[in-house]
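Input: a single structure, listed below in structure tokens.
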Amino acid sequence: MTKLDQIRAAESRLLIPTYDRNPILFVGGQGVYIIDEQGERYLDLLSGIGVNALGYSHPVIEEAIARQSRALIHTSNLYFHQGQAELALRLTELTGLDRAFFANTGTEAWECAMKLARAHAGLKRSEGVNIGTKFLALEQSFHGRTFGSVSTTYKEKYREPFAPVVPGVEFVRFNDISDLRAKFSTDVCAILVEAIQGEGGVRPLTQEFFAEARTLANSTGALLIADEIQSGMGRTGKWCAYQHYGILPDVTTLAKPIAGGIPLGAVLCTEDVSRAFHAGMHGTTFGGGPLACAVAIAVIDHIERDNLLAHATQVGDYFQAQLRALASRHDAIHGPIIDVRGRGLMIAAELDSADLAKLTVAEMLKRRILINCTSDTVLRFLPPYILERAHVDTAIAALDEIFTEHAGAASTAHSAENTIGGHANG
């Protein structure tokens, strides 16, 4: 048995079966490439689902880990260490918010944000404000898998197995201002948004919808909470995607790339919102530990020093332009790409067939390029911020080859299925 075979057999006996893994054993990485047990290099355009902002084996991260691990790895939050205030200062300056709480993951950060919203509403009620406990989330949202987070995640497949989930959540049609207005009232304690939906298909809010959410929240004292777990920390060419809109939320959540692969999440909020928590109301054993904070500080400083926000914008614009050119080249034949969207290095190419999208991910893997598919038909690209144009060209050439070979057949099969099912136009 190969080492991979041994691990797969052991996992089948020992692990709770929550993952449908690809049969590859990765053992290392360098730059934008991850390396399997045979020494084969894979161009990683997914970066651990948006986590490895600086790619693999980056010296800044390695040095920060080595330096801090020799000094102090863990103390608990019963005591002080040097990292939290320093990291909080950077994050408040970057986000425009005032105070921070550190967690371990994105879903924990979102859980904290929800608790903060309910506590803030309680504080407001004690001050004579008429405000309830309801959350408005958006259709196609994804906020995590803990009970609170999954309650605000739209797709039934995430919620239904665990019902009943946390009550008091209603979903608003995406970018539908009329629906938002109809469902908003003084019962609402918070409007929950992703400036750019990730799992929902890399779909950005419109300026008008985001602005209306801000206006409605202001009108009653409800909070506007922006989930930046996937889109934040520079991925879109700004530190937070909401900064593209010129709209400041009351609370935001960060995680994924914040510490370049070391688990860390953060909640940022205004001074007023922070009044809702006092000592003992919320906490964590591991969140904001010395090691994670030290690495996050190093990652942020390197992104600023190497001007990687501008780089993400430039390479991301090039990536989108090449995807649109690819769509045009194939349009006269079968037109598999029906939309290209995103910002910076958070990019989607929506295809006309779920079967083709699934096949494309598999064919890219055969060509040693990692991407994934979300919302059935959307190819999602979340590469490291150090991606170069040459890497984009490699990916586009592979997609061109795949679409030339497979797109026509997949589209024909998709059309035939729709016709049989009575859903074809005409």
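Following the order of the structure tokens, chains are lettered A, B, ..., residues in each are numbered from 1, and ligands are numbered from 1.
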* Asked: If you count only C-alpha atoms, which residues fall within 10 Å of A:His302, apart from same-chain ones fewer than 6 positions away, as a PyMOL selection string?
  -> chain A and resi 54+60-61+296+308
Give me, as a VMD selection string, all polymer residues having an atom no more than 8 Å from A:Leu379, counting only C-alpha atoms and skipping those fewer than 5 positions away in the same chain. chain A and resid 348 to 351 357 361 371 to 374
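Distances to A:Asp272 were evaluated for A:Leu323, A:Leu223, A:Ile35, A:Ile24 using only C-alpha atoms, and the minimum falls at A:Leu223.
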| request: Apply DSSP to the backbone of this structure and, from stretch 43-195 of chain A, keep only the residues in helix (DSSP H, G or I); write these as a ChimeraX atom specification. | output: /A:47-50,59-71,83-95,106-126,147-151,156-162,177-183
Env of A:Ser274: 8 Å cut, atoms = only C-alpha atoms, seq-sep filter 5 positions within chain, self excluded. Answer as number ranges by chain. A: 99, 116, 269
